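As stored in query38.pdb (PDB, N, CA and C atoms, pLDDT in the B column):
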```pdb
ATOM      1  N   MET X  18    -115.968  22.744 -20.110  1.00 56.00           N
ATOM      2  CA  MET X  18    -116.515  23.777 -19.278  1.00 56.00           C
ATOM      3  C   MET X  18    -117.869  23.319 -18.744  1.00 56.00           C
ATOM      4  N   ASP X  19    -118.092  23.507 -17.444  1.00 71.00           N
ATOM      5  CA  ASP X  19    -119.368  23.134 -16.839  1.00 71.00           C
ATOM      6  C   ASP X  19    -120.446  24.133 -17.230  1.00 71.00           C
ATOM      7  N   SER X  20    -121.649  23.636 -17.348  1.00 82.00           N
ATOM      8  CA  SER X  20    -122.780  24.533 -17.549  1.00 82.00           C
ATOM      9  C   SER X  20    -123.760  24.298 -16.402  1.00 82.00           C
ATOM     10  N   ALA X  21    -124.504  25.319 -16.062  1.00 85.00           N
ATOM     11  CA  ALA X  21    -125.423  25.228 -14.933  1.00 85.00           C
ATOM     12  C   ALA X  21    -126.859  25.330 -15.413  1.00 85.00           C
ATOM     13  N   THR X  22    -127.749  24.759 -14.650  1.00 88.00           N
ATOM     14  CA  THR X  22    -129.176  24.875 -14.890  1.00 88.00           C
ATOM     15  C   THR X  22    -129.766  25.637 -13.714  1.00 88.00           C
ATOM     16  N   VAL X  23    -130.517  26.677 -13.983  1.00 88.00           N
ATOM     17  CA  VAL X  23    -131.148  27.464 -12.931  1.00 88.00           C
ATOM     18  C   VAL X  23    -132.578  26.976 -12.762  1.00 88.00           C
ATOM     19  N   ILE X  24    -132.935  26.668 -11.525  1.00 89.00           N
ATOM     20  CA  ILE X  24    -134.286  26.209 -11.213  1.00 89.00           C
ATOM     21  C   ILE X  24    -134.884  27.195 -10.219  1.00 89.00           C
ATOM     22  N   HIS X  25    -135.915  27.904 -10.621  1.00 89.00           N
ATOM     23  CA  HIS X  25    -136.553  28.904  -9.759  1.00 89.00           C
ATOM     24  C   HIS X  25    -137.623  28.241  -8.910  1.00 89.00           C
ATOM     25  N   GLY X  26    -137.812  28.795  -7.725  1.00 89.00           N
ATOM     26  CA  GLY X  26    -138.842  28.269  -6.855  1.00 89.00           C
ATOM     27  C   GLY X  26    -138.890  29.023  -5.548  1.00 89.00           C
ATOM     28  N   LYS X  27    -139.473  28.399  -4.550  1.00 86.00           N
ATOM     29  CA  LYS X  27    -139.604  28.999  -3.224  1.00 86.00           C
ATOM     30  C   LYS X  27    -138.912  28.093  -2.209  1.00 86.00           C
ATOM     31  N   PHE X  28    -138.327  28.730  -1.177  1.00 83.00           N
ATOM     32  CA  PHE X  28    -137.652  27.982  -0.118  1.00 83.00           C
ATOM     33  C   PHE X  28    -138.224  28.435   1.217  1.00 83.00           C
ATOM     34  N   ALA X  29    -138.757  27.515   1.987  1.00 80.00           N
ATOM     35  CA  ALA X  29    -139.289  27.828   3.315  1.00 80.00           C
ATOM     36  C   ALA X  29    -139.281  26.558   4.151  1.00 80.00           C
ATOM     37  N   ASN X  30    -139.015  26.721   5.439  1.00 80.00           N
ATOM     38  CA  ASN X  30    -139.007  25.579   6.361  1.00 80.00           C
ATOM     39  C   ASN X  30    -138.091  24.453   5.884  1.00 80.00           C
ATOM     40  N   ASN X  31    -136.922  24.837   5.368  1.00 83.00           N
ATOM     41  CA  ASN X  31    -135.924  23.882   4.867  1.00 83.00           C
ATOM     42  C   ASN X  31    -136.440  23.011   3.727  1.00 83.00           C
ATOM     43  N   LEU X  32    -137.379  23.549   2.947  1.00 86.00           N
ATOM     44  CA  LEU X  32    -137.929  22.800   1.824  1.00 86.00           C
ATOM     45  C   LEU X  32    -137.919  23.693   0.587  1.00 86.00           C
ATOM     46  N   PHE X  33    -137.363  23.177  -0.512  1.00 88.00           N
ATOM     47  CA  PHE X  33    -137.365  23.907  -1.781  1.00 88.00           C
ATOM     48  C   PHE X  33    -138.477  23.352  -2.651  1.00 88.00           C
ATOM     49  N   VAL X  34    -139.341  24.250  -3.139  1.00 89.00           N
ATOM     50  CA  VAL X  34    -140.432  23.858  -4.028  1.00 89.00           C
ATOM     51  C   VAL X  34    -140.224  24.577  -5.353  1.00 89.00           C
ATOM     52  N   PRO X  35    -139.875  23.835  -6.415  1.00 90.00           N
ATOM     53  CA  PRO X  35    -139.630  24.480  -7.715  1.00 90.00           C
ATOM     54  C   PRO X  35    -140.920  25.034  -8.313  1.00 90.00           C
ATOM     55  N   ASP X  36    -140.794  26.125  -9.077  1.00 91.00           N
ATOM     56  CA  ASP X  36    -141.947  26.731  -9.749  1.00 91.00           C
ATOM     57  C   ASP X  36    -142.506  25.822 -10.835  1.00 91.00           C
ATOM     58  N   GLU X  37    -141.641  25.021 -11.416  1.00 91.00           N
ATOM     59  CA  GLU X  37    -142.068  24.073 -12.453  1.00 91.00           C
ATOM     60  C   GLU X  37    -141.227  22.819 -12.297  1.00 91.00           C
ATOM     61  N   PRO X  38    -141.649  21.702 -12.853  1.00 90.00           N
ATOM     62  CA  PRO X  38    -140.862  20.480 -12.698  1.00 90.00           C
ATOM     63  C   PRO X  38    -139.437  20.673 -13.214  1.00 90.00           C
ATOM     64  N   PRO X  39    -138.449  20.319 -12.402  1.00 86.00           N
ATOM     65  CA  PRO X  39    -137.061  20.471 -12.842  1.00 86.00           C
ATOM     66  C   PRO X  39    -136.695  19.419 -13.881  1.00 86.00           C
ATOM     67  N   PRO X  40    -135.677  19.689 -14.682  1.00 87.00           N
ATOM     68  CA  PRO X  40    -135.231  18.690 -15.657  1.00 87.00           C
ATOM     69  C   PRO X  40    -134.623  17.495 -14.936  1.00 87.00           C
ATOM     70  N   SER X  41    -134.542  16.400 -15.627  1.00 90.00           N
ATOM     71  CA  SER X  41    -133.983  15.180 -15.049  1.00 90.00           C
ATOM     72  C   SER X  41    -132.464  15.213 -15.201  1.00 90.00           C
ATOM     73  N   ILE X  42    -131.805  15.848 -14.240  1.00 87.00           N
ATOM     74  CA  ILE X  42    -130.348  15.942 -14.259  1.00 87.00           C
ATOM     75  C   ILE X  42    -129.811  15.611 -12.881  1.00 87.00           C
ATOM     76  N   ARG X  43    -128.524  15.292 -12.828  1.00 88.00           N
ATOM     77  CA  ARG X  43    -127.840  15.031 -11.562  1.00 88.00           C
ATOM     78  C   ARG X  43    -126.576  15.855 -11.519  1.00 88.00           C
ATOM     79  N   GLY X  44    -126.165  16.229 -10.332  1.00 87.00           N
ATOM     80  CA  GLY X  44    -124.925  16.964 -10.184  1.00 87.00           C
ATOM     81  C   GLY X  44    -124.903  17.756  -8.894  1.00 87.00           C
ATOM     82  N   ARG X  45    -123.796  18.460  -8.715  1.00 86.00           N
ATOM     83  CA  ARG X  45    -123.677  19.328  -7.544  1.00 86.00           C
ATOM     84  C   ARG X  45    -124.746  20.400  -7.636  1.00 86.00           C
ATOM     85  N   ALA X  46    -125.178  20.916  -6.492  1.00 86.00           N
ATOM     86  CA  ALA X  46    -126.202  21.959  -6.491  1.00 86.00           C
ATOM     87  C   ALA X  46    -125.843  23.030  -5.472  1.00 86.00           C
ATOM     88  N   GLU X  47    -126.311  24.213  -5.741  1.00 85.00           N
ATOM     89  CA  GLU X  47    -126.102  25.338  -4.837  1.00 85.00           C
ATOM     90  C   GLU X  47    -127.430  26.077  -4.746  1.00 85.00           C
ATOM     91  N   LEU X  48    -127.896  26.289  -3.537  1.00 84.00           N
ATOM     92  CA  LEU X  48    -129.162  26.982  -3.332  1.00 84.00           C
ATOM     93  C   LEU X  48    -128.880  28.390  -2.846  1.00 84.00           C
ATOM     94  N   ILE X  49    -129.386  29.372  -3.545  1.00 83.00           N
ATOM     95  CA  ILE X  49    -129.237  30.776  -3.156  1.00 83.00           C
ATOM     96  C   ILE X  49    -130.636  31.283  -2.832  1.00 83.00           C
ATOM     97  N   VAL X  50    -130.819  31.782  -1.609  1.00 80.00           N
ATOM     98  CA  VAL X  50    -132.133  32.241  -1.175  1.00 80.00           C
ATOM     99  C   VAL X  50    -132.131  33.759  -1.080  1.00 80.00           C
ATOM    100  N   PHE X  51    -133.094  34.383  -1.736  1.00 76.00           N
ATOM    101  CA  PHE X  51    -133.267  35.829  -1.669  1.00 76.00           C
ATOM    102  C   PHE X  51    -134.326  36.115  -0.615  1.00 76.00           C
ATOM    103  N   PRO X  52    -133.938  36.731   0.522  1.00 72.00           N
ATOM    104  CA  PRO X  52    -134.898  36.966   1.607  1.00 72.00           C
ATOM    105  C   PRO X  52    -136.126  37.752   1.132  1.00 72.00           C
ATOM    106  N   ASP X  53    -137.290  37.373   1.648  1.00 70.00           N
ATOM    107  CA  ASP X  53    -138.558  37.992   1.272  1.00 70.00           C
ATOM    108  C   ASP X  53    -139.154  38.683   2.493  1.00 70.00           C
ATOM    109  N   ARG X  54    -138.994  40.011   2.576  1.00 65.00           N
ATOM    110  CA  ARG X  54    -139.495  40.763   3.733  1.00 65.00           C
ATOM    111  C   ARG X  54    -141.013  40.773   3.790  1.00 65.00           C
ATOM    112  N   GLU X  55    -141.683  40.678   2.651  1.00 67.00           N
ATOM    113  CA  GLU X  55    -143.147  40.659   2.674  1.00 67.00           C
ATOM    114  C   GLU X  55    -143.654  39.391   3.347  1.00 67.00           C
ATOM    115  N   ALA X  56    -142.995  38.275   3.080  1.00 65.00           N
ATOM    116  CA  ALA X  56    -143.398  37.009   3.679  1.00 65.00           C
ATOM    117  C   ALA X  56    -142.958  36.905   5.137  1.00 65.00           C
ATOM    118  N   ASP X  57    -141.841  37.564   5.477  1.00 66.00           N
ATOM    119  CA  ASP X  57    -141.306  37.502   6.842  1.00 66.00           C
ATOM    120  C   ASP X  57    -140.766  38.874   7.238  1.00 66.00           C
ATOM    121  N   PRO X  58    -141.605  39.728   7.868  1.00 66.00           N
ATOM    122  CA  PRO X  58    -141.177  41.082   8.227  1.00 66.00           C
ATOM    123  C   PRO X  58    -140.020  41.125   9.220  1.00 66.00           C
ATOM    124  N   SER X  59    -139.689  40.003   9.854  1.00 66.00           N
ATOM    125  CA  SER X  59    -138.575  40.001  10.813  1.00 66.00           C
ATOM    126  C   SER X  59    -137.213  40.054  10.118  1.00 66.00           C
ATOM    127  N   ILE X  60    -137.189  39.855   8.786  1.00 60.00           N
ATOM    128  CA  ILE X  60    -135.933  39.912   8.033  1.00 60.00           C
ATOM    129  C   ILE X  60    -135.492  41.366   7.955  1.00 60.00           C
ATOM    130  N   SER X  61    -134.243  41.634   8.306  1.00 63.00           N
ATOM    131  CA  SER X  61    -133.747  43.007   8.287  1.00 63.00           C
ATOM    132  C   SER X  61    -133.685  43.527   6.854  1.00 63.00           C
ATOM    133  N   GLU X  62    -133.776  44.851   6.725  1.00 63.00           N
ATOM    134  CA  GLU X  62    -133.706  45.469   5.395  1.00 63.00           C
ATOM    135  C   GLU X  62    -132.378  45.163   4.727  1.00 63.00           C
ATOM    136  N   SER X  63    -131.269  45.161   5.511  1.00 59.00           N
ATOM    137  CA  SER X  63    -129.962  44.901   4.916  1.00 59.00           C
ATOM    138  C   SER X  63    -129.882  43.467   4.397  1.00 59.00           C
ATOM    139  N   ALA X  64    -130.496  42.519   5.092  1.00 54.00           N
ATOM    140  CA  ALA X  64    -130.488  41.131   4.616  1.00 54.00           C
ATOM    141  C   ALA X  64    -131.339  40.992   3.360  1.00 54.00           C
ATOM    142  N   ALA X  65    -132.455  41.703   3.319  1.00 54.00           N
ATOM    143  CA  ALA X  65    -133.344  41.606   2.155  1.00 54.00           C
ATOM    144  C   ALA X  65    -132.720  42.231   0.920  1.00 54.00           C
ATOM    145  N   SER X  66    -131.874  43.239   1.103  1.00 57.00           N
ATOM    146  CA  SER X  66    -131.270  43.913  -0.054  1.00 57.00           C
ATOM    147  C   SER X  66    -129.841  43.449  -0.312  1.00 57.00           C
ATOM    148  N   ALA X  67    -129.428  42.345   0.301  1.00 58.00           N
ATOM    149  CA  ALA X  67    -128.051  41.868   0.161  1.00 58.00           C
ATOM    150  C   ALA X  67    -127.737  41.445  -1.267  1.00 58.00           C
ATOM    151  N   HIS X  68    -128.732  41.010  -2.015  1.00 61.00           N
ATOM    152  CA  HIS X  68    -128.496  40.593  -3.401  1.00 61.00           C
ATOM    153  C   HIS X  68    -128.553  41.815  -4.314  1.00 61.00           C
ATOM    154  N   ILE X  69    -127.424  42.170  -4.892  1.00 64.00           N
ATOM    155  CA  ILE X  69    -127.361  43.271  -5.838  1.00 64.00           C
ATOM    156  C   ILE X  69    -126.673  42.751  -7.092  1.00 64.00           C
ATOM    157  N   SER X  70    -127.334  42.888  -8.184  1.00 69.00           N
ATOM    158  CA  SER X  70    -126.755  42.469  -9.451  1.00 69.00           C
ATOM    159  C   SER X  70    -125.782  43.527  -9.943  1.00 69.00           C
ATOM    160  N   VAL X  71    -124.751  43.101 -10.635  1.00 69.00           N
ATOM    161  CA  VAL X  71    -123.820  44.053 -11.233  1.00 69.00           C
ATOM    162  C   VAL X  71    -124.568  44.966 -12.207  1.00 69.00           C
ATOM    163  N   PHE X  72    -125.636  44.468 -12.804  1.00 71.00           N
ATOM    164  CA  PHE X  72    -126.408  45.268 -13.741  1.00 71.00           C
ATOM    165  C   PHE X  72    -127.147  46.409 -13.037  1.00 71.00           C
ATOM    166  N   ASP X  73    -127.441  46.233 -11.719  1.00 70.00           N
ATOM    167  CA  ASP X  73    -128.057  47.312 -10.953  1.00 70.00           C
ATOM    168  C   ASP X  73    -127.082  48.457 -10.727  1.00 70.00           C
ATOM    169  N   LEU X  74    -125.796  48.176 -10.811  1.00 71.00           N
ATOM    170  CA  LEU X  74    -124.777  49.176 -10.512  1.00 71.00           C
ATOM    171  C   LEU X  74    -124.257  49.915 -11.740  1.00 71.00           C
ATOM    172  N   LEU X  75    -124.489  49.373 -12.924  1.00 75.00           N
ATOM    173  CA  LEU X  75    -123.958  49.989 -14.134  1.00 75.00           C
ATOM    174  C   LEU X  75    -124.452  51.424 -14.292  1.00 75.00           C
ATOM    175  N   GLY X  76    -123.528  52.333 -14.505  1.00 74.00           N
ATOM    176  CA  GLY X  76    -123.865  53.729 -14.731  1.00 74.00           C
ATOM    177  C   GLY X  76    -124.200  54.516 -13.492  1.00 74.00           C
ATOM    178  N   LYS X  77    -124.019  53.916 -12.299  1.00 75.00           N
ATOM    179  CA  LYS X  77    -124.389  54.611 -11.070  1.00 75.00           C
ATOM    180  C   LYS X  77    -123.192  55.045 -10.237  1.00 75.00           C
ATOM    181  N   ALA X  78    -122.005  54.972 -10.806  1.00 75.00           N
ATOM    182  CA  ALA X  78    -120.819  55.418 -10.076  1.00 75.00           C
ATOM    183  C   ALA X  78    -120.904  56.925  -9.883  1.00 75.00           C
ATOM    184  N   PRO X  79    -120.379  57.441  -8.750  1.00 78.00           N
ATOM    185  CA  PRO X  79    -120.438  58.883  -8.519  1.00 78.00           C
ATOM    186  C   PRO X  79    -119.766  59.675  -9.642  1.00 78.00           C
ATOM    187  N   VAL X  80    -118.691  59.117 -10.183  1.00 80.00           N
ATOM    188  CA  VAL X  80    -117.987  59.764 -11.296  1.00 80.00           C
ATOM    189  C   VAL X  80    -117.776  58.699 -12.368  1.00 80.00           C
ATOM    190  N   LEU X  81    -118.334  58.924 -13.532  1.00 82.00           N
ATOM    191  CA  LEU X  81    -118.146  57.971 -14.625  1.00 82.00           C
ATOM    192  C   LEU X  81    -116.832  58.284 -15.327  1.00 82.00           C
ATOM    193  N   ARG X  82    -116.058  57.215 -15.629  1.00 85.00           N
ATOM    194  CA  ARG X  82    -114.757  57.402 -16.279  1.00 85.00           C
ATOM    195  C   ARG X  82    -114.804  56.827 -17.680  1.00 85.00           C
ATOM    196  N   SER X  83    -113.959  57.376 -18.528  1.00 88.00           N
ATOM    197  CA  SER X  83    -113.868  56.870 -19.896  1.00 88.00           C
ATOM    198  C   SER X  83    -113.035  55.590 -19.897  1.00 88.00           C
ATOM    199  N   GLY X  84    -113.123  54.869 -20.990  1.00 89.00           N
ATOM    200  CA  GLY X  84    -112.305  53.669 -21.145  1.00 89.00           C
ATOM    201  C   GLY X  84    -110.826  53.981 -21.072  1.00 89.00           C
ATOM    202  N   GLU X  85    -110.438  55.125 -21.631  1.00 92.00           N
ATOM    203  CA  GLU X  85    -109.028  55.520 -21.597  1.00 92.00           C
ATOM    204  C   GLU X  85    -108.555  55.770 -20.165  1.00 92.00           C
ATOM    205  N   GLU X  86    -109.409  56.387 -19.352  1.00 91.00           N
ATOM    206  CA  GLU X  86    -109.038  56.646 -17.950  1.00 91.00           C
ATOM    207  C   GLU X  86    -108.878  55.340 -17.175  1.00 91.00           C
ATOM    208  N   ILE X  87    -109.762  54.404 -17.426  1.00 91.00           N
ATOM    209  CA  ILE X  87    -109.679  53.106 -16.746  1.00 91.00           C
ATOM    210  C   ILE X  87    -108.429  52.364 -17.198  1.00 91.00           C
ATOM    211  N   ASP X  88    -108.156  52.365 -18.500  1.00 92.00           N
ATOM    212  CA  ASP X  88    -106.950  51.713 -19.020  1.00 92.00           C
ATOM    213  C   ASP X  88    -105.688  52.314 -18.404  1.00 92.00           C
ATOM    214  N   ALA X  89    -105.657  53.640 -18.267  1.00 93.00           N
ATOM    215  CA  ALA X  89    -104.492  54.310 -17.682  1.00 93.00           C
ATOM    216  C   ALA X  89    -104.308  53.898 -16.223  1.00 93.00           C
ATOM    217  N   GLN X  90    -105.401  53.776 -15.483  1.00 92.00           N
ATOM    218  CA  GLN X  90    -105.300  53.359 -14.084  1.00 92.00           C
ATOM    219  C   GLN X  90    -104.781  51.925 -13.986  1.00 92.00           C
ATOM    220  N   ILE X  91    -105.266  51.042 -14.842  1.00 91.00           N
ATOM    221  CA  ILE X  91    -104.818  49.649 -14.830  1.00 91.00           C
ATOM    222  C   ILE X  91    -103.340  49.573 -15.187  1.00 91.00           C
ATOM    223  N   GLU X  92    -102.929  50.302 -16.205  1.00 92.00           N
ATOM    224  CA  GLU X  92    -101.522  50.304 -16.614  1.00 92.00           C
ATOM    225  C   GLU X  92    -100.634  50.828 -15.500  1.00 92.00           C
ATOM    226  N   SER X  93    -101.080  51.865 -14.798  1.00 90.00           N
ATOM    227  CA  SER X  93    -100.321  52.416 -13.677  1.00 90.00           C
ATOM    228  C   SER X  93    -100.162  51.361 -12.576  1.00 90.00           C
ATOM    229  N   GLY X  94    -101.219  50.630 -12.310  1.00 89.00           N
ATOM    230  CA  GLY X  94    -101.151  49.563 -11.306  1.00 89.00           C
ATOM    231  C   GLY X  94    -100.184  48.468 -11.715  1.00 89.00           C
ATOM    232  N   ARG X  95    -100.201  48.106 -12.983  1.00 89.00           N
ATOM    233  CA  ARG X  95     -99.283  47.063 -13.478  1.00 89.00           C
ATOM    234  C   ARG X  95     -97.829  47.508 -13.375  1.00 89.00           C
ATOM    235  N   ARG X  96     -97.566  48.782 -13.673  1.00 87.00           N
ATOM    236  CA  ARG X  96     -96.196  49.283 -13.538  1.00 87.00           C
ATOM    237  C   ARG X  96     -95.744  49.217 -12.084  1.00 87.00           C
ATOM    238  N   ALA X  97     -96.669  49.442 -11.153  1.00 85.00           N
ATOM    239  CA  ALA X  97     -96.313  49.386  -9.732  1.00 85.00           C
ATOM    240  C   ALA X  97     -95.926  47.960  -9.330  1.00 85.00           C
ATOM    241  N   TRP X  98     -96.497  46.933  -9.985  1.00 84.00           N
ATOM    242  CA  TRP X  98     -96.120  45.559  -9.683  1.00 84.00           C
ATOM    243  C   TRP X  98     -94.652  45.329  -9.994  1.00 84.00           C
ATOM    244  N   ASP X  99     -94.176  45.928 -11.096  1.00 77.00           N
ATOM    245  CA  ASP X  99     -92.775  45.754 -11.494  1.00 77.00           C
ATOM    246  C   ASP X  99     -91.809  46.425 -10.520  1.00 77.00           C
ATOM    247  N   ASP X 100     -92.289  47.447  -9.814  1.00 68.00           N
ATOM    248  CA  ASP X 100     -91.440  48.165  -8.862  1.00 68.00           C
ATOM    249  C   ASP X 100     -91.206  47.379  -7.574  1.00 68.00           C
ATOM    250  N   GLU X 101     -92.041  46.398  -7.319  1.00 60.00           N
ATOM    251  CA  GLU X 101     -91.941  45.646  -6.055  1.00 60.00           C
ATOM    252  C   GLU X 101     -90.835  44.623  -6.080  1.00 60.00           C
TER     253      GLU X 101
END
```

As structure tokens, how would this structure be written, given the file I've shared?
Amino acid sequence: MDSATVIHGKFANNLFVPDEPPPSIRGRAELIVFPDREADPSISESAASAHISVFDLLGKAPVLRSGEEIDAQIESGRRAWDDE
């Protein structure tokens, strides 16, 4: 199983500057940029708030369901697969 290393920093003008020296590793990399409206007011509000963690959503559903209700819905969906 692959493991990832997260390196925090700032990205501007196509340049990434890490907050601290990164470890000496090699591999594929993926850069995720969280828009900063304070630094650039031209960024739309929707672009700035595009990053939402699943943890921000926990407990905020309009109607909270019990585990039994969720299990029943999943089971109902699985039975529908057999009908196809």

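Atom CA of Leu75 of chain X sits 15.2 Å away from atom N of Ile87 of chain X.
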
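Residues lying within 12 Å of (-141.1, 25.6, -15.3). Counted over only C-alpha atoms, they are X:Thr22, X:Val23, X:Ile24, X:His25, X:Gly26, X:Val34, X:Pro35, X:Asp36, X:Glu37, X:Pro38, X:Pro39, X:Pro40.
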
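When you apply the PyMOL selection byres (((chain X and resi 28 and name CA) around 10) and name CA) to this structure, what comes back is His25, Gly26, Lys27, Ala29, Asn30, Asn31, Leu32, Phe33, Val34, Pro35, Leu48, Ile49, Val50, Phe51 and Pro52 of chain X.
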
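Pairwise distance (atom N of Arg45 of chain X, atom CA of Ala21 of chain X) equals 9.3 Å.
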